[in-house]
file protein23.pdb (PDB, C-alpha atoms)
MODEL        1
ATOM      1  CA  MET A   1       4.744  14.699  32.601
ATOM      2  CA  GLY A   2       5.589  11.492  30.772
ATOM      3  CA  GLY A   3       4.646  10.572  27.249
ATOM      4  CA  ALA A   4       1.974   8.017  28.156
ATOM      5  CA  THR A   5      -1.345   8.491  26.367
ATOM      6  CA  GLU A   6      -3.376   8.649  29.580
ATOM      7  CA  GLN A   7      -1.118  11.304  31.116
ATOM      8  CA  VAL A   8      -1.189  13.489  27.997
ATOM      9  CA  ALA A   9      -4.980  13.209  27.760
ATOM     10  CA  GLU A  10      -5.413  14.158  31.431
ATOM     11  CA  PHE A  11      -3.129  17.156  30.971
ATOM     12  CA  CYS A  12      -5.110  18.372  27.946
ATOM     13  CA  ALA A  13      -8.427  17.808  29.739
ATOM     14  CA  GLY A  14      -7.219  19.950  32.651
ATOM     15  CA  LEU A  15      -6.526  22.995  30.458
ATOM     16  CA  PRO A  16      -9.077  25.839  30.272
ATOM     17  CA  ALA A  17     -11.707  25.092  27.643
ATOM     18  CA  PRO A  18     -11.988  25.166  24.691
ATOM     19  CA  VAL A  19      -8.954  23.034  23.923
ATOM     20  CA  ARG A  20      -7.642  22.013  20.501
ATOM     21  CA  VAL A  21      -4.721  19.665  20.055
ATOM     22  CA  ALA A  22      -2.502  18.810  17.086
ATOM     23  CA  TYR A  23       0.361  16.417  16.617
ATOM     24  CA  GLU A  24       2.202  14.926  13.662
ATOM     25  CA  ALA A  25       1.317  11.462  12.429
ATOM     26  CA  GLY A  26       4.127   9.084  13.233
ATOM     27  CA  PRO A  27       5.121   5.917  15.057
ATOM     28  CA  THR A  28       3.075   6.846  18.151
ATOM     29  CA  GLY A  29      -0.090   5.892  16.259
ATOM     30  CA  PHE A  30      -3.630   7.140  16.750
ATOM     31  CA  GLY A  31      -4.328   6.053  20.330
ATOM     32  CA  LEU A  32      -3.898   9.601  21.635
ATOM     33  CA  ALA A  33      -6.318  11.000  19.054
ATOM     34  CA  ARG A  34      -8.966   8.444  20.024
ATOM     35  CA  GLU A  35      -8.483   9.116  23.735
ATOM     36  CA  LEU A  36      -8.800  12.871  23.248
ATOM     37  CA  ALA A  37     -11.911  12.420  21.096
ATOM     38  CA  ALA A  38     -13.457  10.266  23.830
ATOM     39  CA  ARG A  39     -12.881  13.150  26.280
ATOM     40  CA  GLY A  40     -14.499  15.657  23.918
ATOM     41  CA  ILE A  41     -11.232  17.377  22.934
ATOM     42  CA  GLY A  42     -10.702  18.284  19.290
ATOM     43  CA  CYS A  43      -7.534  16.696  17.941
ATOM     44  CA  THR A  44      -5.915  17.097  14.532
ATOM     45  CA  VAL A  45      -3.388  14.482  13.434
ATOM     46  CA  ALA A  46      -1.356  16.381  10.836
ATOM     47  CA  ALA A  47       0.269  14.878   7.767
ATOM     48  CA  PRO A  48       4.022  15.585   8.272
ATOM     49  CA  GLY A  49       4.771  15.819   4.557
ATOM     50  CA  LYS A  50       2.285  18.677   4.090
ATOM     51  CA  ILE A  51       3.402  20.919   6.961
ATOM     52  CA  GLU A  52       4.691  24.178   5.522
ATOM     53  CA  ARG A  53       8.305  24.980   6.418
ATOM     54  CA  PRO A  54      10.234  28.083   5.287
ATOM     55  CA  ALA A  55      12.967  27.230   2.824
ATOM     56  CA  GLN A  56      15.583  29.182   4.793
ATOM     57  CA  ASP A  57      14.649  27.750   8.190
ATOM     58  CA  ARG A  58      17.722  25.730   9.172
ATOM     59  CA  VAL A  59      17.044  25.537  12.933
ATOM     60  CA  LYS A  60      14.895  22.621  14.078
ATOM     61  CA  THR A  61      13.991  22.051  17.722
ATOM     62  CA  ASP A  62      11.016  20.498  19.466
ATOM     63  CA  ARG A  63       9.895  23.883  20.747
ATOM     64  CA  ARG A  64      10.003  25.530  17.324
ATOM     65  CA  ASP A  65       8.147  22.585  15.778
ATOM     66  CA  ALA A  66       5.448  22.816  18.450
ATOM     67  CA  GLU A  67       5.068  26.565  17.909
ATOM     68  CA  ARG A  68       4.738  26.060  14.157
ATOM     69  CA  LEU A  69       2.042  23.419  14.700
ATOM     70  CA  VAL A  70       0.104  25.776  16.965
ATOM     71  CA  ARG A  71       0.242  28.656  14.484
ATOM     72  CA  LEU A  72      -0.852  26.460  11.585
ATOM     73  CA  LEU A  73      -3.628  24.940  13.698
ATOM     74  CA  MET A  74      -4.976  28.403  14.552
ATOM     75  CA  ILE A  75      -5.215  29.426  10.884
ATOM     76  CA  GLY A  76      -6.411  26.036   9.602
ATOM     77  CA  GLY A  77      -3.148  25.360   7.791
ATOM     78  CA  LEU A  78      -2.758  21.721   8.809
ATOM     79  CA  HIS A  79      -3.765  18.836   6.578
ATOM     80  CA  PRO A  80      -5.413  16.226   8.837
ATOM     81  CA  VAL A  81      -5.082  12.521   8.204
ATOM     82  CA  ARG A  82      -7.981  10.159   8.716
ATOM     83  CA  VAL A  83      -7.898   8.446  12.112
ATOM     84  CA  PRO A  84      -8.697   4.751  11.559
ATOM     85  CA  THR A  85     -10.701   2.659  13.957
ATOM     86  CA  PRO A  86      -8.805   0.141  16.122
ATOM     87  CA  ALA A  87     -10.053  -2.686  13.870
ATOM     88  CA  GLU A  88      -8.842  -0.874  10.740
ATOM     89  CA  GLU A  89      -5.463  -0.168  12.315
ATOM     90  CA  ALA A  90      -5.104  -3.825  13.350
ATOM     91  CA  MET A  91      -5.931  -4.955   9.812
ATOM     92  CA  ARG A  92      -3.388  -2.523   8.396
ATOM     93  CA  ASP A  93      -0.725  -3.870  10.765
ATOM     94  CA  LEU A  94      -1.521  -7.421   9.645
ATOM     95  CA  VAL A  95      -1.355  -6.507   5.953
ATOM     96  CA  ARG A  96       1.929  -4.662   6.400
ATOM     97  CA  SER A  97       3.382  -7.550   8.406
ATOM     98  CA  ARG A  98       2.682  -9.828   5.467
ATOM     99  CA  GLU A  99       4.313  -7.250   3.176
ATOM    100  CA  ASP A 100       7.421  -7.218   5.394
ATOM    101  CA  VAL A 101       7.623 -11.014   5.272
ATOM    102  CA  ARG A 102       7.283 -10.890   1.474
ATOM    103  CA  GLY A 103      10.250  -8.516   1.288
ATOM    104  CA  ASP A 104      12.308 -10.654   3.677
ATOM    105  CA  LEU A 105      11.526 -13.744   1.593
ATOM    106  CA  MET A 106      12.621 -12.037  -1.598
ATOM    107  CA  ARG A 107      15.924 -10.965  -0.029
ATOM    108  CA  ALA A 108      16.540 -14.432   1.427
ATOM    109  CA  ARG A 109      15.991 -16.011  -1.987
ATOM    110  CA  HIS A 110      18.351 -13.508  -3.565
ATOM    111  CA  ARG A 111      21.065 -14.382  -1.052
ATOM    112  CA  VAL A 112      20.775 -18.105  -1.826
ATOM    113  CA  ALA A 113      20.740 -17.486  -5.579
ATOM    114  CA  LYS A 114      23.855 -15.316  -5.394
ATOM    115  CA  LEU A 115      25.643 -17.879  -3.245
ATOM    116  CA  LEU A 116      24.992 -20.537  -5.887
ATOM    117  CA  LEU A 117      26.045 -18.166  -8.650
ATOM    118  CA  ARG A 118      29.386 -17.568  -6.927
ATOM    119  CA  HIS A 119      29.931 -21.339  -7.049
ATOM    120  CA  ASP A 120      28.944 -21.439 -10.748
ATOM    121  CA  LEU A 121      25.771 -23.416 -10.109
ATOM    122  CA  ARG A 122      22.753 -22.589 -12.287
ATOM    123  CA  PHE A 123      19.321 -24.154 -12.521
ATOM    124  CA  GLU A 124      17.849 -24.652 -15.982
ATOM    125  CA  GLY A 125      14.232 -23.558 -15.582
ATOM    126  CA  ASN A 126      12.087 -21.325 -13.418
ATOM    127  CA  ASN A 127      13.423 -20.611  -9.962
ATOM    128  CA  TRP A 128      11.533 -21.429  -6.753
ATOM    129  CA  THR A 129       9.255 -23.978  -8.373
ATOM    130  CA  GLN A 130       9.000 -27.483  -6.914
ATOM    131  CA  ARG A 131      11.593 -28.728  -9.416
ATOM    132  CA  HIS A 132      13.949 -25.962  -8.328
ATOM    133  CA  LEU A 133      13.428 -26.787  -4.648
ATOM    134  CA  ASP A 134      14.136 -30.481  -5.329
ATOM    135  CA  TRP A 135      17.317 -29.473  -7.155
ATOM    136  CA  LEU A 136      18.369 -27.275  -4.216
ATOM    137  CA  GLY A 137      17.995 -30.246  -1.899
ATOM    138  CA  ARG A 138      20.525 -32.201  -3.985
ATOM    139  CA  VAL A 139      23.138 -29.409  -4.214
ATOM    140  CA  GLU A 140      26.361 -30.132  -2.335
ATOM    141  CA  LEU A 141      29.082 -27.488  -2.231
ATOM    142  CA  PRO A 142      32.709 -28.613  -1.961
ATOM    143  CA  GLU A 143      33.468 -26.480   1.108
ATOM    144  CA  PRO A 144      31.715 -27.623   4.325
ATOM    145  CA  VAL A 145      31.373 -24.028   5.543
ATOM    146  CA  ALA A 146      29.757 -22.935   2.273
ATOM    147  CA  GLN A 147      27.396 -25.918   2.475
ATOM    148  CA  ALA A 148      26.406 -24.836   5.998
ATOM    149  CA  VAL A 149      25.678 -21.334   4.721
ATOM    150  CA  LEU A 150      23.541 -22.760   1.923
ATOM    151  CA  LEU A 151      21.528 -24.933   4.310
ATOM    152  CA  ASP A 152      21.023 -21.982   6.633
ATOM    153  CA  GLY A 153      19.709 -19.884   3.733
ATOM    154  CA  ILE A 154      17.316 -22.626   2.634
ATOM    155  CA  GLY A 155      16.107 -23.010   6.212
ATOM    156  CA  ALA A 156      15.458 -19.278   6.445
ATOM    157  CA  ILE A 157      13.392 -19.438   3.249
ATOM    158  CA  ASP A 158      11.332 -22.341   4.599
ATOM    159  CA  ALA A 159      10.661 -20.462   7.845
ATOM    160  CA  LEU A 160       9.573 -17.344   5.965
ATOM    161  CA  LEU A 161       7.223 -19.391   3.784
ATOM    162  CA  VAL A 162       5.560 -20.765   6.916
ATOM    163  CA  ARG A 163       5.198 -17.259   8.342
ATOM    164  CA  ARG A 164       3.743 -15.953   5.088
ATOM    165  CA  GLU A 165       1.180 -18.749   4.894
ATOM    166  CA  SER A 166       0.153 -18.131   8.498
ATOM    167  CA  LEU A 167      -0.359 -14.406   7.911
ATOM    168  CA  GLU A 168      -2.273 -15.008   4.684
ATOM    169  CA  SER A 169      -4.580 -17.446   6.494
ATOM    170  CA  GLN A 170      -5.286 -14.814   9.135
ATOM    171  CA  MET A 171      -5.993 -12.235   6.438
ATOM    172  CA  ALA A 172      -8.445 -14.524   4.647
ATOM    173  CA  ALA A 173     -10.233 -15.349   7.899
ATOM    174  CA  LEU A 174     -10.518 -11.652   8.741
ATOM    175  CA  ILE A 175     -12.770 -10.760   5.799
ATOM    176  CA  GLU A 176     -16.023 -12.589   6.534
ATOM    177  CA  GLY A 177     -18.377 -10.486   8.648
ATOM    178  CA  SER A 178     -16.046  -7.499   8.663
ATOM    179  CA  PRO A 179     -16.970  -3.917   7.596
ATOM    180  CA  TRP A 180     -14.808  -4.245   4.471
ATOM    181  CA  GLU A 181     -16.280  -7.563   3.282
ATOM    182  CA  GLN A 182     -18.328  -5.890   0.535
ATOM    183  CA  SER A 183     -15.440  -3.732  -0.694
ATOM    184  CA  VAL A 184     -13.121  -6.755  -0.899
ATOM    185  CA  ALA A 185     -15.729  -8.764  -2.831
ATOM    186  CA  ARG A 186     -16.230  -5.943  -5.320
ATOM    187  CA  LEU A 187     -12.533  -5.225  -5.828
ATOM    188  CA  ARG A 188     -11.991  -8.927  -6.581
ATOM    189  CA  CYS A 189     -14.216  -8.468  -9.631
ATOM    190  CA  LEU A 190     -11.405  -6.531 -11.302
ATOM    191  CA  ARG A 191      -8.789  -8.355 -13.315
ATOM    192  CA  GLY A 192      -5.500  -8.757 -11.468
ATOM    193  CA  ILE A 193      -6.979  -8.163  -7.993
ATOM    194  CA  ASP A 194      -7.712 -11.139  -5.761
ATOM    195  CA  THR A 195      -8.365 -11.506  -2.033
ATOM    196  CA  LEU A 196      -4.992 -10.441  -0.626
ATOM    197  CA  SER A 197      -4.620  -7.486  -3.004
ATOM    198  CA  ALA A 198      -8.195  -6.324  -2.337
ATOM    199  CA  LEU A 199      -7.726  -6.557   1.414
ATOM    200  CA  GLY A 200      -4.419  -4.676   1.158
ATOM    201  CA  LEU A 201      -6.085  -1.845  -0.770
ATOM    202  CA  CYS A 202      -8.910  -1.647   1.773
ATOM    203  CA  ALA A 203      -6.381  -1.531   4.600
ATOM    204  CA  GLU A 204      -4.398   1.311   3.020
ATOM    205  CA  VAL A 205      -7.293   3.380   1.643
ATOM    206  CA  GLY A 206      -9.914   2.787   4.309
ATOM    207  CA  ASP A 207     -13.270   4.193   3.252
ATOM    208  CA  PHE A 208     -13.322   4.721  -0.525
ATOM    209  CA  GLU A 209     -16.407   6.931  -0.246
ATOM    210  CA  ARG A 210     -14.470   9.682   1.531
ATOM    211  CA  PHE A 211     -13.073  10.591  -1.891
ATOM    212  CA  ALA A 212     -15.545  12.618  -3.938
ATOM    213  CA  ARG A 213     -13.999  11.600  -7.267
ATOM    214  CA  PRO A 214     -11.373   9.112  -8.452
ATOM    215  CA  ALA A 215      -8.767  11.804  -9.152
ATOM    216  CA  GLN A 216      -8.586  12.483  -5.413
ATOM    217  CA  LEU A 217      -7.810   8.818  -4.732
ATOM    218  CA  MET A 218      -5.126   8.830  -7.443
ATOM    219  CA  SER A 219      -3.518  11.848  -5.801
ATOM    220  CA  TYR A 220      -3.830  10.299  -2.335
ATOM    221  CA  LEU A 221      -1.926   7.216  -3.497
ATOM    222  CA  GLY A 222       0.781   9.286  -5.202
ATOM    223  CA  LEU A 223       0.037   8.050  -8.724
ATOM    224  CA  VAL A 224      -0.374  11.470 -10.352
ATOM    225  CA  PRO A 225       2.527  13.188 -12.173
ATOM    226  CA  SER A 226       4.588  15.779 -10.352
ATOM    227  CA  GLU A 227       4.561  19.218 -11.927
ATOM    228  CA  ASN A 228       6.810  22.261 -12.050
ATOM    229  CA  SER A 229       5.060  24.874 -14.192
ATOM    230  CA  SER A 230       5.378  28.599 -14.441
ATOM    231  CA  GLY A 231       3.815  31.034 -16.880
ATOM    232  CA  GLU A 232       3.242  29.405 -20.238
ATOM    233  CA  ARG A 233       5.688  26.610 -19.505
ATOM    234  CA  ARG A 234       4.279  23.345 -18.188
ATOM    235  CA  ARG A 235       6.610  20.583 -17.110
ATOM    236  CA  GLN A 236       5.411  17.280 -15.650
ATOM    237  CA  GLY A 237       7.709  14.709 -14.108
ATOM    238  CA  SER A 238       7.503  11.330 -12.438
ATOM    239  CA  ILE A 239       4.667  10.412 -10.095
ATOM    240  CA  THR A 240       4.597  12.085  -6.691
ATOM    241  CA  LYS A 241       4.758   8.847  -4.643
ATOM    242  CA  SER A 242       3.173  10.761  -1.782
ATOM    243  CA  GLY A 243       0.823   8.036  -0.553
ATOM    244  CA  SER A 244       1.003   4.425   0.517
ATOM    245  CA  ARG A 245       3.876   2.568  -1.122
ATOM    246  CA  HIS A 246       2.173  -0.760  -0.473
ATOM    247  CA  ALA A 247      -1.040   0.300  -2.239
ATOM    248  CA  ARG A 248       0.948   1.599  -5.227
ATOM    249  CA  ARG A 249       2.794  -1.692  -5.536
ATOM    250  CA  LEU A 250      -0.455  -3.676  -5.476
ATOM    251  CA  LEU A 251      -1.983  -1.503  -8.195
ATOM    252  CA  VAL A 252       1.114  -1.596 -10.412
ATOM    253  CA  GLU A 253       1.308  -5.389 -10.105
ATOM    254  CA  ALA A 254      -2.368  -5.647 -11.061
ATOM    255  CA  ALA A 255      -1.829  -3.273 -14.007
ATOM    256  CA  TRP A 256       0.485  -5.782 -15.714
ATOM    257  CA  HIS A 257      -2.494  -8.124 -16.235
ATOM    258  CA  TYR A 258      -4.088  -5.632 -18.623
ATOM    259  CA  ARG A 259      -1.406  -6.031 -21.281
ATOM    260  CA  ARG A 260      -3.285  -9.157 -22.380
ATOM    261  CA  VAL A 261      -6.415  -9.155 -24.534
ATOM    262  CA  PRO A 262      -9.643  -8.637 -22.514
ATOM    263  CA  ARG A 263     -11.301 -11.894 -21.517
ATOM    264  CA  LYS A 264     -13.170 -13.434 -18.606
ATOM    265  CA  GLY A 265     -11.308 -16.461 -17.390
ATOM    266  CA  ARG A 266     -12.643 -19.127 -15.099
ATOM    267  CA  ALA A 267     -11.130 -17.581 -11.958
ATOM    268  CA  LEU A 268     -12.497 -14.108 -12.745
ATOM    269  CA  ARG A 269     -15.980 -15.477 -13.447
ATOM    270  CA  ARG A 270     -15.890 -17.314 -10.136
ATOM    271  CA  ARG A 271     -14.930 -14.149  -8.273
ATOM    272  CA  GLN A 272     -17.761 -12.217  -9.939
ATOM    273  CA  GLU A 273     -20.471 -14.715  -8.984
ATOM    274  CA  GLY A 274     -23.177 -13.086  -6.868
ATOM    275  CA  GLN A 275     -21.856  -9.554  -7.376
ATOM    276  CA  PRO A 276     -24.002  -6.683  -8.744
ATOM    277  CA  GLN A 277     -24.304  -6.508 -12.506
ATOM    278  CA  ALA A 278     -23.133  -2.897 -12.458
ATOM    279  CA  VAL A 279     -19.862  -3.911 -10.775
ATOM    280  CA  CYS A 280     -19.265  -6.671 -13.351
ATOM    281  CA  ALA A 281     -19.954  -4.174 -16.138
ATOM    282  CA  ILE A 282     -17.406  -1.754 -14.675
ATOM    283  CA  SER A 283     -14.893  -4.604 -14.513
ATOM    284  CA  TRP A 284     -15.369  -5.416 -18.209
ATOM    285  CA  LYS A 285     -15.129  -1.746 -19.132
ATOM    286  CA  ALA A 286     -11.876  -1.562 -17.160
ATOM    287  CA  GLN A 287     -10.409  -4.465 -19.132
ATOM    288  CA  GLN A 288     -11.235  -2.847 -22.457
ATOM    289  CA  ARG A 289     -10.054   0.642 -21.587
ATOM    290  CA  LEU A 290      -6.884  -0.347 -19.740
ATOM    291  CA  HIS A 291      -5.849  -2.752 -22.486
ATOM    292  CA  ARG A 292      -6.275   0.050 -25.037
ATOM    293  CA  SER A 293      -4.158   2.322 -22.849
ATOM    294  CA  TRP A 294      -1.451  -0.325 -22.591
ATOM    295  CA  VAL A 295      -1.407  -0.912 -26.350
ATOM    296  CA  ARG A 296      -1.288   2.822 -27.074
ATOM    297  CA  LEU A 297       1.593   3.469 -24.690
ATOM    298  CA  ASP A 298       3.574   0.299 -25.372
ATOM    299  CA  HIS A 299       3.158  -0.439 -29.071
ATOM    300  CA  GLU A 300       2.186   2.909 -30.567
ATOM    301  CA  ARG A 301       4.270   5.322 -28.488
ATOM    302  CA  GLY A 302       7.095   2.975 -27.522
ATOM    303  CA  LYS A 303       7.129   3.803 -23.811
ATOM    304  CA  ARG A 304       9.021   1.637 -21.357
ATOM    305  CA  ARG A 305       6.811  -1.087 -19.949
ATOM    306  CA  THR A 306       7.419   0.042 -16.394
ATOM    307  CA  LEU A 307       6.020   3.476 -17.307
ATOM    308  CA  CYS A 308       3.082   1.808 -19.049
ATOM    309  CA  ALA A 309       2.302  -0.174 -15.901
ATOM    310  CA  VAL A 310       2.314   2.951 -13.737
ATOM    311  CA  ALA A 311       0.064   4.842 -16.164
ATOM    312  CA  VAL A 312      -2.386   1.924 -16.314
ATOM    313  CA  ALA A 313      -2.264   1.616 -12.511
ATOM    314  CA  ARG A 314      -3.391   5.235 -12.248
ATOM    315  CA  GLU A 315      -6.436   4.505 -14.397
ATOM    316  CA  LEU A 316      -7.049   1.252 -12.525
ATOM    317  CA  THR A 317      -7.268   3.294  -9.328
ATOM    318  CA  GLY A 318     -10.267   5.083 -10.788
ATOM    319  CA  PHE A 319     -11.998   1.784 -11.536
ATOM    320  CA  CYS A 320     -11.277   0.578  -7.992
ATOM    321  CA  TRP A 321     -13.009   3.688  -6.695
ATOM    322  CA  ALA A 322     -15.904   3.081  -9.082
ATOM    323  CA  VAL A 323     -16.598  -0.504  -8.017
ATOM    324  CA  ALA A 324     -16.168   0.290  -4.314
ATOM    325  CA  THR A 325     -18.657   3.177  -4.495
ATOM    326  CA  ALA A 326     -21.016   1.720  -7.112
ATOM    327  CA  ASP A 327     -24.080   2.224  -4.867
TER     328      ASP A 327
ENDMDL
END
call {"tool": "encode", "arguments": {"input": "protein23.pdb", "output": "structure tokens"}}
result
Amino acid sequence: MGGATEQVAEFCAGLPAPVRVAYEAGPTGFGLARELAARGIGCTVAAPGKIERPAQDRVKTDRRDAERLVRLLMIGGLHPVRVPTPAEEAMRDLVRSREDVRGDLMRARHRVAKLLLRHDLRFEGNNWTQRHLDWLGRVELPEPVAQAVLLDGIGAIDALLVRRESLESQMAALIEGSPWEQSVARLRCLRGIDTLSALGLCAEVGDFERFARPAQLMSYLGLVPSENSSGERRRQGSITKSGSRHARRLLVEAAWHYRRVPRKGRALRRRQEGQPQAVCAISWKAQQRLHRSWVRLDHERGKRRTLCAVAVARELTGFCWAVATAD
């Protein structure tokens, strides 16, 4: 039997009923889970990071892994992941493609900047503004080969900018009339979260209402502290980072906006037009509370600003849950 989805589904359907299936979430996606559900076969897509493994088990084979999955499935020891709809999975792929292009663009810019630095060329001002791009167009390196490398790097940056704009246009066009249109509009009411960030959070989280309380969403995104406690000793460490890295980055970037004094600027007022009064009230409460948290951690306790941003991002996650489930 091959590994094609149709062949696996037919094999499972031909087994004596009742049939239950489990497999680890991975690059194969959720097509098999949807096909099995359509045939009336129960399927559990297990979170790989939460599968229990004995500490002294040093032998790993496909057969042993399959046997472990079966035993855990029989006793209910697997942690299932939510199977997204095809539309949700397509949106997530689009959002992550834009994230990949963003990373490629950052690395391409770093390569050009380091090339110029090796030739002792520095721009006085902010990099990658229009003035900086005009200055780059006038740079001429003494070595023809080095000049060719510079032009190739600039061309790569231009191509990545075109790709990024194309993906962002597709993302913006995807919102209207979609199931997550309301969630995106409400998340945009929060300071530091605009269309692309809101759509990215919806793509990574899915349905906010599947979390009974905000602490569950914080844990799902890996923004809660790790802990190693025993007896009367309690020791907490860095955040667990167990969830979506993309969602964490979006929330941490948004958290930096709350270091400034609470205010409603023109752009924020425009985003809040037509939204429920309760959502706007939650947004204002978020500004006040998160700014107080930033001031307490940064100015009063002297924490590093990166730690302050992560702590504020954890609280911001709770406000995201609140505005998305305000009904």
call {"tool": "closest_residue", "arguments": {"input": "protein23.pdb", "among": "A:Arg234, A:His299, A:Arg269, A:Arg131", "to": "A:Arg188", "atoms": "only C-alpha atoms"}}
result
A:Arg269
call {"tool": "resolve_selection", "arguments": {"input": "protein23.pdb", "expression": "the PyMOL selection byres ((chain A and resi 237-249) around 6)", "output": "mmCIF file with C-alpha atoms, in the frame of the given file"}}
result
data_model
loop_
_atom_site.group_PDB
_atom_site.id
_atom_site.type_symbol
_atom_site.label_atom_id
_atom_site.label_comp_id
_atom_site.auth_asym_id
_atom_site.auth_seq_id
_atom_site.Cartn_x
_atom_site.Cartn_y
_atom_site.Cartn_z
ATOM 1 C CA LEU A 201 -6.085 -1.845 -0.770
ATOM 2 C CA TYR A 220 -3.830 10.299 -2.335
ATOM 3 C CA LEU A 221 -1.926 7.216 -3.497
ATOM 4 C CA GLY A 222 0.781 9.286 -5.202
ATOM 5 C CA LEU A 223 0.037 8.050 -8.724
ATOM 6 C CA VAL A 224 -0.374 11.470 -10.352
ATOM 7 C CA PRO A 225 2.527 13.188 -12.173
ATOM 8 C CA SER A 226 4.588 15.779 -10.352
ATOM 9 C CA GLU A 227 4.561 19.218 -11.927
ATOM 10 C CA GLN A 236 5.411 17.280 -15.650
ATOM 11 C CA LEU A 250 -0.455 -3.676 -5.476
ATOM 12 C CA LEU A 251 -1.983 -1.503 -8.195
ATOM 13 C CA VAL A 252 1.114 -1.596 -10.412
#
call {"tool": "resolve_selection", "arguments": {"input": "protein23.pdb", "expression": "the PyMOL selection byres ((chain A and resi 164) around 10)", "output": "list in words"}}
result
Ser97, Arg98, Glu99, Asp100, Val101, Arg102, Leu105, Asp158, Ala159, Leu160, Leu161, Val162, Arg163, Glu165, Ser166, Leu167, Glu168, Ser169 and Gln170 of chain A
call {"tool": "atom_distance", "arguments": {"input": "protein23.pdb", "atom1": "atom CA of A:Val295", "atom2": "atom CA of A:Cys320"}}
result
20.9 Å
call {"tool": "resolve_selection", "arguments": {"input": "protein23.pdb", "expression": "the PyMOL selection byres ((chain A and resi 45) around 12)", "output": "ChimeraX atom specification"}}
result
/A:20-26,28-34,36-37,42-44,46-48,50-51,69,73,78-84
